[in-house]
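*Asks:* Next up is a structure, given as structure tokens.
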Amino acid sequence: DFYWMDVKGSNILLAVADCTGHGVPGAMVSVVGANSLNRCVKEFGLRKPASILDKLRELIIETFEMSNHEVKDGMDISLISIDRDKGKAQWAGAHNPLWILKKGGTEILEIKADKQPIGKFEFAKPFTNHEVDLEAGDCLYLFTDGFADQFGGDKGKKLKASTMRDLFVSLR
């Protein structure tokens, strides 16, 4: 898993990613992913999350096609663009959702991710861009399955998304 951030004026881009593969292959995907995110923003001038994910997929596939070995690894990612001046956000995700706990709210709103990874995928389609109005005090949660999949507690079981959701609400 890795996180990535870029700030330009009042706009913040923030991503959390979960790379498939373990050890060296997973590390390689992380490095290529972070570098490709930088290229999407700095070289190609992209700021819209869905457009960034579309280009990111293209760059990841292109990079690994140069290898002598077939690389099937990729990543799940949640990417948000927050315009602090306008109080708006745009978001897109590959398998990883966005959770929003509105100011004063007691329930988390989930925006579901597209059910496709960043990487080679037989049924690839353009990523969906979602727009969200924000107000001061809203909490936004971007995460990978790394938290929910942790074992622990009194019973030594996985945390799971439902327990994590309850935990986030209780922290208000």
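Numbering starts fresh at 1 for the residues of each chain in the structure tokens, the chains themselves are lettered A, B, ... in the order given, and ligands are numbered from 1 as they appear.
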Using only C-alpha atoms, determine which residues lie at most 12 Å from Met164 in chain A, disregarding the query and same-chain residues fewer than 5 positions distant; provide the list as number ranges by chain.

*Replies:* A: 99, 108, 141, 143-150, 158-159, 169-171

*Asks:* Could you list, as a PyMOL selection string, every residue within 12 Å of Lys125 in chain A, counting only C-alpha atoms and ignoring same-chain residues fewer than 5 positions away?

*Replies:* chain A and resi 50-51+53-55+57-58+94+114-120

*Asks:* Looking only at the backbone, which of the residues in chain A does DSSP tag as strand (DSSP E), as a PyMOL selection string?

*Replies:* chain A and resi 2-8+11-19+75-83+88-94+98-101+109-111+130-133+139-142+151-152+157-158

*Asks:* Taking only C-alpha atoms into account, which of A:Ile60, A:Met28, A:Ala34, A:Leu142 comes nearest Gly93 in chain A?

*Replies:*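 Smallest distance to Gly93 in chain A is found for A:Leu142.
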
*Asks:* For Ala17 in chain A, which residue among A:Gly74, A:Gly152, A:Gly105, A:Gly45 is the nearest when counting only C-alpha atoms?

*Replies:*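 For Ala17 in chain A, the nearest of the given residues is A:Gly74.
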